[in-house]
Amino acid sequence: MDHFQLKNGAMYAEDVPLSRIAEEVGTPVYVYSRATLERHARVFREGLAPVAEASGREPLCAFAVKANPNLAVLKVLSREGFGADVVSGGELVRALTAGVPADKIVFSGVGKTRAELQLGLDKAIGQFNIESTEEGRELAELAASQGLEAQATLRINPDVDARTHEKISTGRAENKFGIPLVRAREVFAELAALPGLNLRGVAVHIGSQLLDLEPMEVAFAKVGQLVADLRADGHTITHVDLGGGLGVPYKAGDVPPSPADYGRMVARATAGWDVHLTFEPGRVIAGNAGVLLTRVVRVKRGGNGPPFVIVDAAMNDLARPAMYGAWHDFDAVAPTGDRMVANIVGPICETGDTFATDREVDALQSGDLAVFRTAGAYGATMASSYNSRGFVPEVLVDGDKYAVVADRIPADAIMDAERVPDFLQD
């Protein structure tokens with residue numbers, strides 16, 4: 001459930017009409033619902049109740065900052081007790097700035113630089129998820145040289161097909177993430193012996209937008225066996241990070257597994273592990289908590305096919321359709337009841353700037369407002385300034401009020417950061 005609903009024939013975000021935001025802030029603009037973020041956070045946590053009950057420990061829910069790094073969004077989730085899963089130094093600083101306690105921050109990612117490892121140590125974050133032998137050695141050396149001990153887990157690659165888009169699959173042998181399962185015991189033993197490193201467990205994450213729990217359960221079974229093997233090798237295993245990836249309904253009628261379904265599966269899969277569990281939900285928290293509000297520029301007659309509904313949002317604002325062929329429901333803000341078949345496109349000079357083809361949608365004409373739904377995750381965070389377009393603003397709604405939580409950055413402001421060198425001056 002989300003809080004973007006029709007009231008008296010027009011779409012509202014909670015109690016704020018989207019038409020008001022369009023008039024006062026302009027379009028395109030991302031609009032987030034605080035109530036939806038809070039509800040999804042609570043539903044996810046409640047879904048894990050069987051896990052907490054079975055283990056006797058409250059798991060750590062660390063929001064995947066890459067899904068939506070807006071400071072206001074992170075502040076809402078921090079107040080709900082969530083930590084942060086970060087994959088860069090920039091995300092780490094954002095999480096701290098938003099009020100996430102350092103001991104609730106998990107640093108993932110395959111390419112952490114030496115400076116980023118040092119930043120994590122300086123901020124005394126809760127956990128590093130180590131992705132390679134080389135990274136583990138470097139982290140250990142840095143920590144030991146300063147008399148510190150880095151809390152860490154070893155991320156393993158279980159070679160499990162997550163049955164998601166190939167570009168967001170992270171748990172197959174050919175993917176760049178983690179240590180191959182067949183080498184996990186050998187690598188764990190080497191790194192666990194290093195001073196400066198408290199290698200206290202393992203981590204796994206097989207992909208994003210997962211609509212089937214079976215691949216996760218297969219991966220978790222492999223993790224459980226590895227935990228048993230590592231303990232048999234004499235290692236103390238106290239923590240396991242099970243990642244994230246639970247999918248959301250992008251298309252009306254889709255029914256992905258619920259957090260309750262997920263929680264029951266996890267409780268079953270982890271029975272007897274006796275560890276502290278960490279989860280890294282992202283999309284499932286933020287996806288349906290946001291929309292991209294846009295205005296129709298014009299409707300252009302096609303050749304022998306449907307007309308083109310040209311909107312002022314583009315692939316630089318919402319990249320998922322161009323990058324993944326992803327579906328986003330597209331609805332009029334003030335639907336008349338009439339329908340049309342159309343191609344929904346943006347103004348970018350690329351055929352790839354297409355959001356939908358041959359799609360039955362609400363009938364629209366020049367000047368009408370519409371929304372791309374389920375745009376709260378992997379939306380604004382993946383934006384670019386391609387075609388010298390600016391960055392769109394972001395708005396957070398709270399009941400009957402709203403605030404701009406990220407300013408519109410116009411193209412000329414981006415250009416102000418560029419310089420023409422002296423040798424090119426006239």
# chains A, B, ... in the order shown; residues from 1 in each chain; ligands from 1

$ residues_around --residues "Val296 (chain A)" --least-positions-apart "5" --cutoff "6 Å" --atoms "only C-alpha atoms" --output "PyMOL selection string"
chain A and resi 310-311+366-368

$ write_last_selection --atoms "all heavy atoms" --output "short mmCIF file (atom, residue, chain, number, x, y, z; two decimals), in the first residue's frame"
data_model
loop_
_atom_site.label_atom_id
_atom_site.label_comp_id
_atom_site.auth_asym_id
_atom_site.auth_seq_id
_atom_site.Cartn_x
_atom_site.Cartn_y
_atom_site.Cartn_z
N ILE A 310 4.73 12.87 -25.20
CA ILE A 310 6.04 13.39 -24.83
C ILE A 310 5.91 14.13 -23.51
O ILE A 310 5.14 15.09 -23.41
CB ILE A 310 6.59 14.32 -25.92
CG1 ILE A 310 6.59 13.62 -27.29
CG2 ILE A 310 7.99 14.80 -25.56
CD1 ILE A 310 6.86 14.55 -28.46
N VAL A 311 6.65 13.66 -22.51
CA VAL A 311 6.58 14.28 -21.18
C VAL A 311 7.88 15.02 -20.89
O VAL A 311 8.89 14.83 -21.56
CB VAL A 311 6.30 13.22 -20.09
CG1 VAL A 311 4.95 12.55 -20.32
CG2 VAL A 311 7.41 12.16 -20.04
N SER A 366 -1.66 17.81 -24.09
CA SER A 366 -0.65 18.77 -23.71
C SER A 366 -1.05 19.51 -22.43
O SER A 366 -2.19 19.97 -22.30
CB SER A 366 -0.44 19.77 -24.84
OG SER A 366 0.48 20.76 -24.47
N GLY A 367 -0.11 19.58 -21.48
CA GLY A 367 -0.35 20.29 -20.23
C GLY A 367 -0.83 19.43 -19.10
O GLY A 367 -0.81 19.86 -17.94
N ASP A 368 -1.29 18.22 -19.39
CA ASP A 368 -1.78 17.34 -18.33
C ASP A 368 -0.62 16.84 -17.46
O ASP A 368 0.51 16.68 -17.93
CB ASP A 368 -2.50 16.12 -18.93
CG ASP A 368 -3.87 16.47 -19.50
OD1 ASP A 368 -4.36 17.58 -19.23
OD2 ASP A 368 -4.44 15.62 -20.21
#

$ closest_atom_pairs --of "region 74-161 of chain A" --to "region 380-396 of chain A" --cutoff "12 Å" --atoms "only C-alpha atoms" --output "CSV"
residue,atom,partner,partner_atom,distance
A:Leu74,CA,A:Leu396,CA,11.6
A:Lys75,CA,A:Leu396,CA,11.5
A:Val76,CA,A:Leu396,CA,10.2
A:Glu91,CA,A:Thr381,CA,11.2

$ select_by_dssp --residues "region 38-112 of chain A" --states "helix (DSSP H, G or I)" --output "JSON, numbers by chain"
{"A": [38, 39, 40, 41, 42, 43, 44, 45, 46, 47, 49, 50, 51, 52, 53, 54, 55, 65, 66, 67, 71, 72, 73, 74, 75, 76, 77, 78, 79, 89, 90, 91, 92, 93, 94, 95, 96, 97, 102, 103, 104]}

$ closest_residue --among "A:Gly352, A:Gly90, A:Gly147, A:Pro180" --to "Gly120 (chain A)" --atoms "only C-alpha atoms"
A:Gly90

$ select_by_dssp --residues "region 177-401 of chain A" --states "strand (DSSP E)" --output "PyMOL selection string"
chain A and resi 179-180+197-203+239-241+276-279+290-300+308-311+330-332+339-345+354-362+369-372+394-398+401

$ residues_around --residues "region 221-229 of chain A" --least-positions-apart "6" --cutoff "10 Å" --atoms "only C-alpha atoms" --output "list in words"
Ile156, Asn157, Pro158, Asp159, Val160, Leu181, Val182, Ala184, Arg185, Gly201, Val202, Ala203, Val204, Pro215, His235, Thr236, Ile237, Thr238, His239, Val240, Asp241, Leu242, Ala269, Thr270, Ala271, Gly272, Trp273 and Val275 of chain A

$ atom_distance --atom1 "CA of Glu134 (chain A)" --atom2 "CA of Leu119 (chain A)"
17.8 Å

$ residues_around --residues "Pro28 (chain A)" --least-positions-apart "3" --cutoff "9 Å" --atoms "only C-alpha atoms" --output "PyMOL selection string"
chain A and resi 22+25+292-295+311-314+317+392-393

$ closest_residue --among "A:Glu135, A:Glu280, A:Glu214, A:Asp398" --to "Glu116 (chain A)" --atoms "only C-alpha atoms"
A:Glu135

$ residues_around --residues "Phe330 (chain A)" --least-positions-apart "5" --cutoff "8 Å" --atoms "only C-alpha atoms" --output "JSON, numbers by chain"
{"A": [361, 370, 371, 372, 373]}

$ write_last_selection --atoms "N, CA, C and O atoms" --output "PDB file, in the first residue's frame"
ATOM      1  N   VAL A 361      -3.048   3.613 -21.472  1.00  0.00           N
ATOM      2  CA  VAL A 361      -2.912   4.551 -20.352  1.00  0.00           C
ATOM      3  C   VAL A 361      -4.120   5.478 -20.317  1.00  0.00           C
ATOM      4  O   VAL A 361      -4.958   5.489 -21.221  1.00  0.00           O
ATOM      5  N   ALA A 370       0.970  13.794 -14.992  1.00  0.00           N
ATOM      6  CA  ALA A 370       0.940  12.341 -14.843  1.00  0.00           C
ATOM      7  C   ALA A 370       2.073  11.929 -13.906  1.00  0.00           C
ATOM      8  O   ALA A 370       2.958  12.739 -13.590  1.00  0.00           O
ATOM      9  N   VAL A 371       2.023  10.697 -13.451  1.00  0.00           N
ATOM     10  CA  VAL A 371       3.081  10.193 -12.578  1.00  0.00           C
ATOM     11  C   VAL A 371       3.598   8.855 -13.080  1.00  0.00           C
ATOM     12  O   VAL A 371       2.848   8.035 -13.620  1.00  0.00           O
ATOM     13  N   PHE A 372       4.906   8.664 -12.901  1.00  0.00           N
ATOM     14  CA  PHE A 372       5.505   7.341 -12.987  1.00  0.00           C
ATOM     15  C   PHE A 372       5.532   6.806 -11.561  1.00  0.00           C
ATOM     16  O   PHE A 372       6.172   7.395 -10.677  1.00  0.00           O
ATOM     17  N   ARG A 373       4.826   5.734 -11.336  1.00  0.00           N
ATOM     18  CA  ARG A 373       4.722   5.183  -9.990  1.00  0.00           C
ATOM     19  C   ARG A 373       5.957   4.348  -9.626  1.00  0.00           C
ATOM     20  O   ARG A 373       6.769   4.019 -10.472  1.00  0.00           O
TER      21      ARG A 373
END

$ closest_residue --among "A:Thr357, A:Ser208, A:Thr113, A:Ser78" --to "Gly99 (chain A)" --atoms "only C-alpha atoms"
A:Ser78

$ atom_distance --atom1 "CA of Ile344 (chain A)" --atom2 "CA of Tyr324 (chain A)"
16.0 Å

$ closest_residue --among "A:Phe44, A:Tyr262, A:Phe177, A:Phe279" --to "Leu211 (chain A)" --atoms "only C-alpha atoms"
A:Tyr262

$ residues_around --residues "Leu48 (chain A)" --least-positions-apart "5" --cutoff "9 Å" --atoms "only C-alpha atoms" --output "JSON, numbers by chain"
{"A": [43, 53, 58, 59, 259, 260, 262, 263, 264, 266, 267]}

$ closest_residue --among "A:Thr278, A:Glu23, A:Ala193, A:Gly303" --to "Lys104 (chain A)" --atoms "only C-alpha atoms"
A:Thr278

$ closest_residue --among "A:Asp103, A:Glu131, A:Asp353, A:Asp261" --to "Ala62 (chain A)" --atoms "only C-alpha atoms"
A:Asp103

$ residues_around --residues "Ile125 (chain A)" --least-positions-apart "5" --cutoff "12 Å" --atoms "only C-alpha atoms" --output "VMD selection string"
chain A and resid 83 to 86 89 92 to 93 95 to 96 100 to 108 116 to 120 148 to 152

$ atom_distance --atom1 "CA of Glu350 (chain A)" --atom2 "CA of Asn288 (chain A)"
27.5 Å

$ decode --residues "region 39-79 of chain A" --atoms "C-alpha atoms" --output "PDB file, in the first residue's frame"
ATOM      1  CA  ARG A  39       4.629   2.042   7.021  1.00  0.00           C
ATOM      2  CA  HIS A  40       6.970   0.001   4.838  1.00  0.00           C
ATOM      3  CA  ALA A  41       9.723   0.182   7.445  1.00  0.00           C
ATOM      4  CA  ARG A  42       7.375  -1.084  10.136  1.00  0.00           C
ATOM      5  CA  VAL A  43       5.869  -3.810   7.956  1.00  0.00           C
ATOM      6  CA  PHE A  44       9.343  -5.075   7.053  1.00  0.00           C
ATOM      7  CA  ARG A  45      10.428  -5.124  10.673  1.00  0.00           C
ATOM      8  CA  GLU A  46       7.189  -6.828  11.731  1.00  0.00           C
ATOM      9  CA  GLY A  47       7.752  -9.421   9.003  1.00  0.00           C
ATOM     10  CA  LEU A  48      10.994 -10.379  10.733  1.00  0.00           C
ATOM     11  CA  ALA A  49       9.240 -11.027  14.049  1.00  0.00           C
ATOM     12  CA  PRO A  50       9.537 -14.835  13.617  1.00  0.00           C
ATOM     13  CA  VAL A  51      13.292 -14.399  13.130  1.00  0.00           C
ATOM     14  CA  ALA A  52      13.654 -12.316  16.281  1.00  0.00           C
ATOM     15  CA  GLU A  53      11.515 -14.763  18.232  1.00  0.00           C
ATOM     16  CA  ALA A  54      13.439 -17.814  17.031  1.00  0.00           C
ATOM     17  CA  SER A  55      16.879 -16.303  17.610  1.00  0.00           C
ATOM     18  CA  GLY A  56      16.110 -14.310  20.737  1.00  0.00           C
ATOM     19  CA  ARG A  57      17.832 -11.328  19.091  1.00  0.00           C
ATOM     20  CA  GLU A  58      16.444  -8.299  17.304  1.00  0.00           C
ATOM     21  CA  PRO A  59      17.975  -8.244  13.789  1.00  0.00           C
ATOM     22  CA  LEU A  60      19.583  -5.129  12.361  1.00  0.00           C
ATOM     23  CA  CYS A  61      17.702  -3.638   9.419  1.00  0.00           C
ATOM     24  CA  ALA A  62      20.203  -1.520   7.473  1.00  0.00           C
ATOM     25  CA  PHE A  63      18.515   0.453   4.693  1.00  0.00           C
ATOM     26  CA  ALA A  64      20.353   0.160   1.365  1.00  0.00           C
ATOM     27  CA  VAL A  65      21.288   3.817   0.909  1.00  0.00           C
ATOM     28  CA  LYS A  66      21.949   3.348  -2.805  1.00  0.00           C
ATOM     29  CA  ALA A  67      18.188   2.901  -3.296  1.00  0.00           C
ATOM     30  CA  ASN A  68      17.452   6.440  -2.121  1.00  0.00           C
ATOM     31  CA  PRO A  69      20.195   8.504  -0.460  1.00  0.00           C
ATOM     32  CA  ASN A  70      18.109  11.635   0.150  1.00  0.00           C
ATOM     33  CA  LEU A  71      18.927  12.959   3.636  1.00  0.00           C
ATOM     34  CA  ALA A  72      15.273  13.438   4.570  1.00  0.00           C
ATOM     35  CA  VAL A  73      14.435   9.874   3.547  1.00  0.00           C
ATOM     36  CA  LEU A  74      17.363   8.565   5.584  1.00  0.00           C
ATOM     37  CA  LYS A  75      16.269  10.673   8.568  1.00  0.00           C
ATOM     38  CA  VAL A  76      12.762   9.170   8.440  1.00  0.00           C
ATOM     39  CA  LEU A  77      14.174   5.649   8.387  1.00  0.00           C
ATOM     40  CA  SER A  78      16.753   6.373  11.080  1.00  0.00           C
ATOM     41  CA  ARG A  79      13.906   7.467  13.342  1.00  0.00           C
TER      42      ARG A  79
END
